[in-house]
Every structure is written in C-alpha cells, then in structure tokens.
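Student: I am sharing coords21.cif, which consists of mmCIF, C-alpha atoms:
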```cif
data_protein
loop_
_atom_site.label_atom_id
_atom_site.label_comp_id
_atom_site.auth_asym_id
_atom_site.auth_seq_id
_atom_site.Cartn_x
_atom_site.Cartn_y
_atom_site.Cartn_z
CA MET A 1 -270.24 7.52 36.23
CA GLU A 2 -266.67 7.52 35.06
CA PRO A 3 -265.30 4.23 33.84
CA GLN A 4 -262.96 2.71 36.37
CA PRO A 5 -259.96 0.77 35.12
CA THR A 6 -260.20 -2.79 36.31
CA THR A 7 -256.81 -3.29 37.85
CA ALA A 8 -256.24 -6.59 39.55
CA GLN A 9 -252.97 -5.28 40.95
CA PRO A 10 -252.49 -2.32 43.29
CA ARG A 11 -251.10 0.75 41.55
CA VAL A 12 -247.99 0.81 43.76
CA ARG A 13 -245.96 -2.36 43.96
CA ILE A 14 -242.59 -3.08 45.54
CA GLN A 15 -241.29 -6.44 44.43
CA THR A 16 -238.18 -8.50 43.80
CA GLU A 17 -239.56 -9.97 40.56
CA ASP A 18 -239.05 -8.40 37.16
CA PHE A 19 -241.98 -6.78 35.34
CA ASP A 20 -243.26 -6.67 31.77
CA LEU A 21 -243.79 -3.17 30.38
CA SER A 22 -246.48 -4.19 27.88
CA THR A 23 -248.49 -6.08 30.47
CA GLU A 24 -248.38 -3.20 32.94
CA VAL A 25 -249.31 -0.56 30.35
CA ALA A 26 -252.15 -2.70 29.01
CA ALA A 27 -253.56 -3.22 32.51
CA LEU A 28 -253.29 0.49 33.25
CA HIS A 29 -255.55 1.65 30.42
CA ALA A 30 -257.72 -1.46 30.06
CA ALA A 31 -261.42 -0.60 30.18
CA ASP A 32 -260.69 3.14 30.21
CA THR A 33 -261.42 4.42 26.72
CA ARG A 34 -260.91 8.05 27.80
CA VAL A 35 -257.17 7.37 27.61
CA GLY A 36 -255.48 8.83 24.55
CA ALA A 37 -251.92 8.90 25.88
CA VAL A 38 -249.73 6.63 27.97
CA CYS A 39 -246.32 7.74 29.13
CA ALA A 40 -244.08 5.11 30.71
CA PHE A 41 -240.58 5.44 32.10
CA VAL A 42 -238.35 2.45 32.86
CA GLY A 43 -235.18 2.83 34.90
CA LEU A 44 -232.34 0.30 34.51
CA VAL A 45 -229.27 -0.73 36.48
CA ARG A 46 -226.52 0.92 34.50
CA GLU A 47 -222.81 0.34 34.67
CA TRP A 48 -221.21 2.63 37.20
CA ALA A 49 -217.82 4.31 37.02
CA PRO A 50 -214.94 2.19 38.25
CA THR A 51 -213.33 3.44 41.44
CA LEU A 52 -210.03 1.65 40.99
CA VAL A 53 -207.78 1.72 37.94
CA ALA A 54 -204.93 -0.49 36.86
CA GLY A 55 -201.61 0.30 38.47
CA ALA A 56 -203.04 3.02 40.69
CA PRO A 57 -204.55 1.47 43.78
CA ALA A 58 -207.10 3.84 45.23
CA LEU A 59 -208.44 3.84 48.75
CA PRO A 60 -210.54 0.73 49.04
CA PRO A 61 -214.15 1.14 50.13
CA GLU A 62 -214.43 -0.16 53.69
CA GLY A 63 -211.09 -1.97 53.47
CA ALA A 64 -212.43 -4.33 50.86
CA LEU A 65 -209.17 -4.48 48.92
CA ALA A 66 -207.52 -6.54 51.64
CA SER A 67 -209.37 -9.64 50.54
CA LEU A 68 -208.18 -9.26 46.96
CA GLY A 69 -204.51 -9.68 47.64
CA ARG A 70 -201.82 -7.53 46.04
CA PRO A 71 -199.26 -8.27 43.37
CA GLY A 72 -195.86 -9.24 44.73
CA ALA A 73 -193.19 -6.55 45.15
CA GLY A 74 -191.20 -7.91 42.21
CA SER A 75 -194.10 -7.86 39.83
CA GLU A 76 -193.23 -5.81 36.73
CA ALA A 77 -196.78 -5.36 35.56
CA PRO A 78 -199.17 -5.23 38.48
CA THR A 79 -202.37 -7.10 37.95
CA PRO A 80 -205.04 -4.54 37.20
CA VAL A 81 -207.47 -4.25 40.08
CA ALA A 82 -210.57 -3.54 38.10
CA ASP A 83 -213.62 -2.57 40.03
CA ALA A 84 -215.88 -4.32 37.59
CA PRO A 85 -219.50 -3.64 38.49
CA ALA A 86 -221.18 -6.84 39.49
CA PHE A 87 -224.64 -6.12 40.85
CA MET A 88 -226.79 -3.64 42.68
CA GLU A 89 -228.65 -4.23 45.92
CA LEU A 90 -231.76 -2.24 46.75
CA GLU A 91 -233.11 -1.81 50.26
CA HIS A 92 -236.33 -0.04 51.21
CA TYR A 93 -238.56 0.82 54.15
CA PRO A 94 -241.56 -1.51 53.81
CA GLY A 95 -244.77 0.31 54.54
CA MET A 96 -243.38 3.80 54.26
CA THR A 97 -242.35 3.22 50.65
CA GLU A 98 -245.86 2.34 49.53
CA ARG A 99 -247.40 5.20 51.53
CA ALA A 100 -244.91 7.72 50.16
CA ILE A 101 -245.50 6.72 46.55
CA GLU A 102 -249.29 6.66 47.02
CA ALA A 103 -249.06 10.23 48.31
CA MET A 104 -246.96 11.20 45.27
CA ILE A 105 -249.58 9.77 42.90
CA GLU A 106 -252.32 11.66 44.73
CA GLN A 107 -250.34 14.83 44.33
CA ALA A 108 -249.77 14.12 40.63
CA GLN A 109 -253.53 13.67 40.21
CA ARG A 110 -254.15 17.07 41.77
CA ARG A 111 -251.52 18.78 39.60
CA PHE A 112 -252.15 17.16 36.24
CA GLU A 113 -255.11 15.98 34.22
CA ILE A 114 -254.31 12.30 34.38
CA TYR A 115 -256.54 9.24 34.69
CA GLY A 116 -254.34 6.51 36.08
CA ALA A 117 -250.84 5.88 37.32
CA ARG A 118 -248.80 2.86 38.19
CA VAL A 119 -245.46 2.67 39.97
CA LEU A 120 -243.41 -0.50 40.29
CA HIS A 121 -240.07 -0.56 42.05
CA ARG A 122 -237.88 -3.58 42.44
CA VAL A 123 -235.80 -4.35 45.52
CA GLY A 124 -233.17 -6.93 46.37
CA ARG A 125 -230.33 -7.99 44.13
CA LEU A 126 -230.31 -6.65 40.55
CA GLY A 127 -227.76 -7.25 37.81
CA LEU A 128 -226.49 -4.78 35.20
CA GLY A 129 -229.12 -3.97 32.61
CA GLU A 130 -232.02 -5.16 34.73
CA GLN A 131 -235.16 -3.10 35.14
CA ILE A 132 -235.42 -1.25 38.47
CA VAL A 133 -238.42 1.02 38.23
CA LEU A 134 -241.52 1.64 36.15
CA VAL A 135 -243.64 4.79 36.25
CA ALA A 136 -246.60 4.79 33.86
CA VAL A 137 -249.30 7.43 33.54
CA THR A 138 -252.44 7.71 31.42
CA ALA A 139 -254.17 10.88 30.24
CA ALA A 140 -256.31 12.16 27.40
CA HIS A 141 -253.37 13.93 25.77
CA ARG A 142 -249.60 13.49 25.76
CA GLY A 143 -248.62 16.75 27.47
CA GLN A 144 -250.16 15.88 30.82
CA ALA A 145 -248.94 12.28 30.61
CA PHE A 146 -245.33 13.33 29.93
CA ALA A 147 -245.40 15.93 32.70
CA ALA A 148 -246.98 13.68 35.33
CA CYS A 149 -244.57 10.84 34.53
CA GLU A 150 -241.55 13.10 34.93
CA PHE A 151 -243.01 14.64 38.09
CA LEU A 152 -243.50 11.21 39.67
CA MET A 153 -239.98 10.10 38.78
CA ASP A 154 -238.44 13.33 40.12
CA TYR A 155 -240.45 13.00 43.30
CA LEU A 156 -239.59 9.34 43.78
CA LYS A 157 -235.86 9.99 43.40
CA THR A 158 -235.68 12.25 46.44
CA GLN A 159 -238.65 11.27 48.63
CA ALA A 160 -239.17 7.50 48.44
CA PRO A 161 -237.18 5.47 50.99
CA PHE A 162 -234.96 3.32 48.77
CA TRP A 163 -231.21 2.89 49.07
CA LYS A 164 -228.85 1.47 46.45
CA LYS A 165 -225.67 -0.39 47.21
CA GLU A 166 -223.15 -1.18 44.47
CA HIS A 167 -221.30 -4.46 44.71
CA SER A 168 -218.17 -5.28 42.76
CA ALA A 169 -215.02 -7.34 43.06
CA ALA A 170 -213.45 -4.52 45.08
CA GLY A 171 -216.22 -4.43 47.64
CA ALA A 172 -219.52 -2.72 48.24
CA ARG A 173 -220.49 0.90 48.62
CA TRP A 174 -223.72 2.78 49.27
CA VAL A 175 -224.63 5.12 46.45
CA ASP A 176 -224.52 8.84 47.29
CA ALA A 177 -227.59 10.99 46.81
CA ARG A 178 -227.21 13.61 44.10
CA ALA A 179 -227.97 17.31 44.37
CA SER A 180 -229.13 17.24 40.75
CA ASP A 181 -232.07 15.09 41.84
CA ASP A 182 -233.10 17.74 44.38
CA ALA A 183 -232.82 20.34 41.62
CA ALA A 184 -235.06 18.23 39.38
CA LEU A 185 -237.81 18.31 42.00
CA ALA A 186 -237.31 22.04 42.58
CA LYS A 187 -238.45 22.78 39.04
CA TRP A 188 -241.92 21.59 40.11
CA GLY A 189 -241.87 24.12 42.94
CA ILE A 190 -241.11 21.52 45.59
CA GLU A 191 -238.13 22.08 47.82
CA ALA A 192 -236.08 18.97 48.51
CA ASP A 193 -233.02 18.70 50.72
CA ASN A 194 -232.40 15.00 50.40
CA ALA A 195 -228.82 15.24 49.17
CA ALA A 196 -227.96 18.47 51.01
CA MET B 1 -241.58 9.12 79.41
CA HIS B 2 -242.83 7.37 76.29
CA THR B 3 -241.84 4.33 74.30
CA ILE B 4 -240.55 4.93 70.78
CA GLN B 5 -239.76 2.26 68.23
CA ILE B 6 -236.60 3.32 66.40
CA ARG B 7 -235.64 1.85 63.03
CA PHE B 8 -232.43 2.18 61.05
CA PHE B 9 -231.86 1.62 57.34
CA ALA B 10 -229.06 1.19 54.82
CA ALA B 11 -225.61 2.49 55.89
CA LEU B 12 -226.96 3.50 59.31
CA ARG B 13 -228.36 0.03 59.91
CA GLU B 14 -224.98 -1.46 59.00
CA ALA B 15 -222.96 0.98 61.11
CA LEU B 16 -225.11 0.29 64.19
CA GLY B 17 -225.66 -3.40 63.54
CA THR B 18 -229.31 -2.85 64.44
CA THR B 19 -232.53 -2.69 62.49
CA GLU B 20 -234.90 -1.92 65.35
CA LEU B 21 -234.47 -0.39 68.79
CA PRO B 22 -237.34 0.11 71.23
CA LEU B 23 -236.52 2.98 73.56
CA CYS B 24 -238.17 4.44 76.65
CA THR B 25 -237.34 8.10 76.44
CA ALA B 26 -238.26 11.61 77.51
CA ALA B 27 -237.23 13.01 74.11
CA ALA B 28 -239.80 15.57 73.01
CA THR B 29 -238.75 15.76 69.36
CA VAL B 30 -236.94 13.71 66.72
CA ALA B 31 -233.92 15.98 67.23
CA ASP B 32 -233.93 15.21 70.98
CA LEU B 33 -234.10 11.51 70.21
CA ARG B 34 -231.14 11.76 67.82
CA ASP B 35 -229.17 13.66 70.47
CA GLU B 36 -230.01 10.99 73.05
CA LEU B 37 -228.66 8.30 70.73
CA ILE B 38 -225.52 10.37 70.00
CA ALA B 39 -224.98 10.66 73.76
CA ARG B 40 -224.63 6.88 73.92
CA GLY B 41 -221.26 7.33 72.27
CA GLY B 42 -219.48 4.73 70.15
CA ALA B 43 -221.08 3.73 66.85
CA HIS B 44 -224.23 5.75 67.62
CA ALA B 45 -222.25 8.94 68.19
CA GLU B 46 -220.35 8.43 64.95
CA ALA B 47 -223.19 7.33 62.67
CA LEU B 48 -225.69 9.95 63.85
CA ALA B 49 -223.20 12.78 64.45
CA ARG B 50 -224.43 16.29 63.72
CA GLY B 51 -223.07 17.30 60.35
CA ARG B 52 -223.68 13.88 58.90
CA ALA B 53 -226.45 13.54 56.33
CA VAL B 54 -229.16 11.76 58.30
CA ARG B 55 -232.84 11.89 57.33
CA ALA B 56 -235.75 11.02 59.60
CA ALA B 57 -239.26 9.67 59.27
CA LEU B 58 -241.99 9.76 61.91
CA ASN B 59 -244.68 7.10 61.60
CA GLN B 60 -243.49 6.40 58.06
CA ALA B 61 -243.54 9.96 56.74
CA MET B 62 -240.50 12.18 56.16
CA VAL B 63 -240.27 14.88 58.83
CA PRO B 64 -237.97 17.68 59.89
CA GLU B 65 -236.27 16.89 63.20
CA SER B 66 -238.44 19.45 64.96
CA ALA B 67 -241.36 16.96 64.77
CA ALA B 68 -242.85 16.20 68.20
CA LEU B 69 -242.94 12.68 69.63
CA LYS B 70 -245.65 10.85 71.51
CA ASP B 71 -245.96 7.41 73.06
CA GLY B 72 -246.00 4.57 70.53
CA ASP B 73 -244.42 6.53 67.68
CA GLU B 74 -242.15 4.88 65.13
CA VAL B 75 -239.07 6.92 64.22
CA ALA B 76 -236.66 5.91 61.47
CA PHE B 77 -233.20 7.29 60.80
CA PHE B 78 -231.55 6.73 57.43
CA PRO B 79 -229.15 8.25 54.89
CA PRO B 80 -230.40 10.37 51.96
CA VAL B 81 -232.51 8.19 49.67
CA THR B 82 -231.16 6.87 46.37
CA GLY B 83 -233.96 4.98 44.66
CA GLY B 84 -235.37 5.23 41.17
#
```
For this file, write the structure as structure tokens.
Tutor:
Amino acid sequence: MEPQPTTAQPRVRIQTEDFDLSTEVAALHAADTRVGAVCAFVGLVREWAPTLVAGAPALPPEGALASLGRPGAGSEAPTPVADAPAFMELEHYPGMTERAIEAMIEQAQRRFEIYGARVLHRVGRLGLGEQIVLVAVTAAHRGQAFAACEFLMDYLKTQAPFWKKEHSAAGARWVDARASDDAALAKWGIEADNAA
Amino acid sequence: MHTIQIRFFAALREALGTTELPLCTAAATVADLRDELIARGGAHAEALARGRAVRAALNQAMVPESAALKDGDEVAFFPPVTGG
C-alpha cells in the first residue's frame, strides 16, 4: 500500500486568511517519504500601473474622479491626481471554485508523475505585497514537480472563477483578463478562450 | 417550462444589481437564456449584449453557450476570470 500523506486540511482551500508557505509545504509531504521534490509557487498582489498622471486628467473609471475634486481654475500647478494603488479585492464563485481546482489537480495527476498537490487561494480584501495564491506540488524528481506546478497555475489563471478588482484613490476597476494567460495554457495543448 | 437559478458575478453582478435570479423559462440552452435576459432590455441588455465578453457556467462547470438546460439547473454569467 502506498503511504498516504496525512493532511488535516483539504488540498484545495479558498480563504480570506493569509497562509504560511513552510507550514503548507511541510504538511504536503509529511509522512510521504517517496517525495524528493517540492515545487511551490506563491502569487502576490503587485503594484499596478497608474491610470492617471499629474497634470493630465484621464477618463476616470466609472466617474470616480468626481469625488476627488479638481484644482481651481487659477491654480498654477495642478495637484497631481495620482492613482496610487491601495488594495485589491477578490471575488469568487463558492462551490464552483473548489470543484474547478479539484478537477485541475486530477488532470495534473493524470499528466504528470506527482504525488500530492495543494492549492490555496485568498479572497476578499488584499493589500499590496500580500500573498494571493499558493500552488505546491510534490514528486520524486524536480522535472515533474516544476511542470505540474506551472500547469496548475496556468490552468487556474484562465479556468478558475476568481475576479480581481483594483481599488485606489481614483476609484475602482475590474481587472481585464489577458490573452497571454490563454496562450500560457495553450502550450499544454489546452485551448482557452477566457480573454478572447 | 423549467425553473433555472441564475447567478451573476463581478462586473455583471454590479451592473445588474443582482446576485441571484430564479427564472421560469422555456430556454433550451444557455444561449437562449442569455437572449431572454437581453430581451428584458435596460441593464440586462447592456451587460449581456452579444459582443461583450461574457462567460457561462452550468451547474458550476464552465460551458459553451450551446449547453442544454433542464429543470433545476444553476446557470452563472460572469466576465472572463482574473484570478491567480
């Protein structure tokens, strides 16, 4: 009989709380001495490009600029309207999210020689620099662990029902899906038309 | 006629001001259901308009709009996903 990792936690978790990489990785390979490689990816909330620059008022997202007020007509040096990133808000589809990610892990287990996998994704309000997502995979050797980890991340980007909204002083806007994420999944032979 | 539970997420949820909408309908497919909502006009017509990027799930799995509906199904409409 193959040793079964004793995992107190389900392998797919959607939560508002932060996570600890070391704890998750340790739990993933605990009691499974077949594991010779662990590959873990952590995604963070990074600073996004400003949409408004000083002295050049751009179209406000959803009329948000109105609440900021404008410099008076006589103002020589207009106050810069910086769209300083403030925080990110993540929404998901409870139920479907877990099912979708479970199905991705099952597919990863069919494609790669891996032993275990764990996916954590945070939702709710997240500040700059905070951890958003963890994908960790165990295998006997590094090649399969690297590949499965990248596969799961590429899959998650285009097929898991999460939506990001950026909040800043200038307002809030939903993040656009990117065609490059569809292309990333295509390299595994899976056609995605999420951003199309 | 069958009863379908419709759910909206993210920008669609905001545009429609609704998270859930139970609907008694004759729509045979997800595409028919979307068209029926568009026919309501107003915010529905705008948010779900053909040409807009709208994705659909049937009973919590992504589907093409050709997917057939039956009584008790849950259908969700949402924008392209942006997690990770």
Student: Please build the interface table for chain A against chain B with a cut-off of 9 Å, listing for each qualifying residue the nearest atom pair and the distance in Å to one decimal; count only C-alpha atoms, order rows by chain and increasing number, and write it as a tab-separated table.
Tutor:
```
residue	atom	partner	partner_atom	distance
A:Gly43	CA	B:Gly84	CA	6.7
A:Leu44	CA	B:Gly84	CA	8.8
A:Leu90	CA	B:Gly83	CA	7.8
A:Glu91	CA	B:Ala10	CA	6.8
A:His92	CA	B:Phe9	CA	7.8
A:Tyr93	CA	B:Phe9	CA	7.5
A:Gly95	CA	B:Gln60	CA	7.1
A:Met96	CA	B:Gln60	CA	4.6
A:Thr97	CA	B:Gln60	CA	8.1
A:Arg99	CA	B:Gln60	CA	7.7
A:Ala100	CA	B:Ala61	CA	7.1
A:His121	CA	B:Gly84	CA	7.5
A:Ile132	CA	B:Gly84	CA	7.0
A:Val133	CA	B:Gly84	CA	6.0
A:Leu134	CA	B:Gly84	CA	8.7
A:Met153	CA	B:Gly84	CA	7.1
A:Asp154	CA	B:Gly84	CA	8.7
A:Leu156	CA	B:Gly84	CA	6.4
A:Lys157	CA	B:Gly84	CA	5.3
A:Thr158	CA	B:Val81	CA	6.1
A:Gln159	CA	B:Val81	CA	6.9
A:Ala160	CA	B:Val81	CA	6.8
A:Pro161	CA	B:Val81	CA	5.6
A:Phe162	CA	B:Gly83	CA	4.5
A:Trp163	CA	B:Thr82	CA	4.8
A:Lys164	CA	B:Thr82	CA	5.9
A:Lys165	CA	B:Ala10	CA	8.5
A:Trp174	CA	B:Ala11	CA	6.9
A:Val175	CA	B:Thr82	CA	6.8
A:Asp176	CA	B:Thr82	CA	7.0
A:Ala177	CA	B:Thr82	CA	5.5
A:Arg178	CA	B:Thr82	CA	8.1
A:Asp193	CA	B:Pro80	CA	8.8
A:Asn194	CA	B:Pro80	CA	5.3
A:Ala195	CA	B:Pro80	CA	5.8
A:Ala196	CA	B:Ala53	CA	7.4
```
Student: Do you have the atom CA of A:Glu130-atom CA of A:His167 distance handy?
Tutor: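 Value for the atom CA of A:Glu130-atom CA of A:His167 distance: 14.7 Å.
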Student: Could you please give me, as a PyMOL selection string, the residues of protein, DNA or RNA lying at most 12 Å from (-246.8, 13.3, 27.6) in the coordinate frame of the file, considering all atoms listed in the file?
Tutor: chain A and resi 35-41+112-114+136-151
Student: Store the residues picked out above, limited to C-alpha atoms, as a short mmCIF file (atom, residue, chain, number, x, y, z; two decimals), in the coordinates of the input.
Tutor:
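Result file out36.cif:
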```cif
data_model
loop_
_atom_site.label_atom_id
_atom_site.label_comp_id
_atom_site.auth_asym_id
_atom_site.auth_seq_id
_atom_site.Cartn_x
_atom_site.Cartn_y
_atom_site.Cartn_z
CA VAL A 35 -257.17 7.37 27.61
CA GLY A 36 -255.48 8.83 24.55
CA ALA A 37 -251.92 8.90 25.88
CA VAL A 38 -249.73 6.63 27.97
CA CYS A 39 -246.32 7.74 29.13
CA ALA A 40 -244.08 5.11 30.71
CA PHE A 41 -240.58 5.44 32.10
CA PHE A 112 -252.15 17.16 36.24
CA GLU A 113 -255.11 15.98 34.22
CA ILE A 114 -254.31 12.30 34.38
CA ALA A 136 -246.60 4.79 33.86
CA VAL A 137 -249.30 7.43 33.54
CA THR A 138 -252.44 7.71 31.42
CA ALA A 139 -254.17 10.88 30.24
CA ALA A 140 -256.31 12.16 27.40
CA HIS A 141 -253.37 13.93 25.77
CA ARG A 142 -249.60 13.49 25.76
CA GLY A 143 -248.62 16.75 27.47
CA GLN A 144 -250.16 15.88 30.82
CA ALA A 145 -248.94 12.28 30.61
CA PHE A 146 -245.33 13.33 29.93
CA ALA A 147 -245.40 15.93 32.70
CA ALA A 148 -246.98 13.68 35.33
CA CYS A 149 -244.57 10.84 34.53
CA GLU A 150 -241.55 13.10 34.93
CA PHE A 151 -243.01 14.64 38.09
#
```
Student: Between atom CA of A:Glu106 and atom CA of B:Leu69, what distance in Å does the model show, to one decimal?
Tutor: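 About the pair atom CA of A:Glu106 and atom CA of B:Leu69: they are 26.6 Å apart.
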Student: Mind pulling up the distance from atom CA of A:Pro10 to atom CA of A:Gln107?
Tutor: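 Distance reported for this atom pair: 17.3 Å.
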Student: Evaluate the PyMOL selection byres ((chain A and resi 166) around 12) and record the selected residues as a compact mmCIF listing (two decimals) with C-alpha atoms, keeping the file's coordinate frame, following the chain and residue labels used in the document.
Tutor:
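Output file selection_32.txt follows:
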```
# COMPACT_ATOMS: atom_id res chain seq x y z
CA VAL A 45 -229.27 -0.73 36.48
CA ARG A 46 -226.52 0.92 34.50
CA GLU A 47 -222.81 0.34 34.67
CA TRP A 48 -221.21 2.63 37.20
CA ALA A 49 -217.82 4.31 37.02
CA PRO A 50 -214.94 2.19 38.25
CA THR A 51 -213.33 3.44 41.44
CA PRO A 61 -214.15 1.14 50.13
CA ASP A 83 -213.62 -2.57 40.03
CA ALA A 84 -215.88 -4.32 37.59
CA PRO A 85 -219.50 -3.64 38.49
CA ALA A 86 -221.18 -6.84 39.49
CA PHE A 87 -224.64 -6.12 40.85
CA MET A 88 -226.79 -3.64 42.68
CA GLU A 89 -228.65 -4.23 45.92
CA LEU A 90 -231.76 -2.24 46.75
CA GLU A 91 -233.11 -1.81 50.26
CA GLY A 124 -233.17 -6.93 46.37
CA ARG A 125 -230.33 -7.99 44.13
CA LEU A 126 -230.31 -6.65 40.55
CA GLY A 127 -227.76 -7.25 37.81
CA LEU A 128 -226.49 -4.78 35.20
CA TRP A 163 -231.21 2.89 49.07
CA LYS A 164 -228.85 1.47 46.45
CA LYS A 165 -225.67 -0.39 47.21
CA HIS A 167 -221.30 -4.46 44.71
CA SER A 168 -218.17 -5.28 42.76
CA ALA A 169 -215.02 -7.34 43.06
CA ALA A 170 -213.45 -4.52 45.08
CA GLY A 171 -216.22 -4.43 47.64
CA ALA A 172 -219.52 -2.72 48.24
CA ARG A 173 -220.49 0.90 48.62
CA TRP A 174 -223.72 2.78 49.27
CA VAL A 175 -224.63 5.12 46.45
CA ASP A 176 -224.52 8.84 47.29
CA THR B 82 -231.16 6.87 46.37
```
Student: Taking only C-alpha atoms into account, name the residue in B:Ala39, B:His2, B:Phe77, B:Ala49 that is nearest to B:Leu23.
Tutor: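 Nearest candidate to B:Leu23 out of B:Ala39, B:His2, B:Phe77, B:Ala49: B:His2.
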Student: Expanded to explicit residues, what is the PyMOL selection byres ((chain A and resi 14-24) around 7) for this file, as a list of chain:residue names?
Tutor: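 Checking the PyMOL selection byres ((chain A and resi 14-24) around 7) against this file, the residues are A:Val12, A:Arg13, A:Val25, A:Ala26, A:Ala27, A:Leu28, A:Leu120, A:His121, A:Arg122, A:Val123, A:Gly124, A:Gln131.
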Student: Pull C-alpha atoms from the residues just selected and write them as a PDB file, keeping the file's coordinate frame.
Tutor:
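The new file result15.pdb reads:
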```pdb
ATOM      1  CA  VAL A  12    -247.990   0.810  43.760  1.00  0.00           C
ATOM      2  CA  ARG A  13    -245.960  -2.360  43.960  1.00  0.00           C
ATOM      3  CA  VAL A  25    -249.310  -0.560  30.350  1.00  0.00           C
ATOM      4  CA  ALA A  26    -252.150  -2.700  29.010  1.00  0.00           C
ATOM      5  CA  ALA A  27    -253.560  -3.220  32.510  1.00  0.00           C
ATOM      6  CA  LEU A  28    -253.290   0.490  33.250  1.00  0.00           C
ATOM      7  CA  LEU A 120    -243.410  -0.500  40.290  1.00  0.00           C
ATOM      8  CA  HIS A 121    -240.070  -0.560  42.050  1.00  0.00           C
ATOM      9  CA  ARG A 122    -237.880  -3.580  42.440  1.00  0.00           C
ATOM     10  CA  VAL A 123    -235.800  -4.350  45.520  1.00  0.00           C
ATOM     11  CA  GLY A 124    -233.170  -6.930  46.370  1.00  0.00           C
ATOM     12  CA  GLN A 131    -235.160  -3.100  35.140  1.00  0.00           C
TER      13      GLN A 131
END
```
Student: Would you mind listing what lies within 10 Å of stretch 40-46 of chain B as a PDB file with C-alpha atoms, in the frame of the given file, with all atoms listed in the file counted and same-chain residues fewer than 5 positions away left out?
Tutor:
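Below is the file result_16.pdb, written as the result:
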```pdb
ATOM      1  CA  LEU B  12    -226.960   3.500  59.310  1.00  0.00           C
ATOM      2  CA  ALA B  15    -222.960   0.980  61.110  1.00  0.00           C
ATOM      3  CA  LEU B  16    -225.110   0.290  64.190  1.00  0.00           C
ATOM      4  CA  GLY B  17    -225.660  -3.400  63.540  1.00  0.00           C
ATOM      5  CA  ARG B  34    -231.140  11.760  67.820  1.00  0.00           C
ATOM      6  CA  ASP B  35    -229.170  13.660  70.470  1.00  0.00           C
ATOM      7  CA  ARG B  52    -223.680  13.880  58.900  1.00  0.00           C
TER       8      ARG B  52
END
```
Student: Report the residues retrieved by the PyMOL selection byres ((chain B and resi 30) around 7) from the displayed file, expressed as number ranges by chain.
Tutor: B: 29, 31-34, 65-69
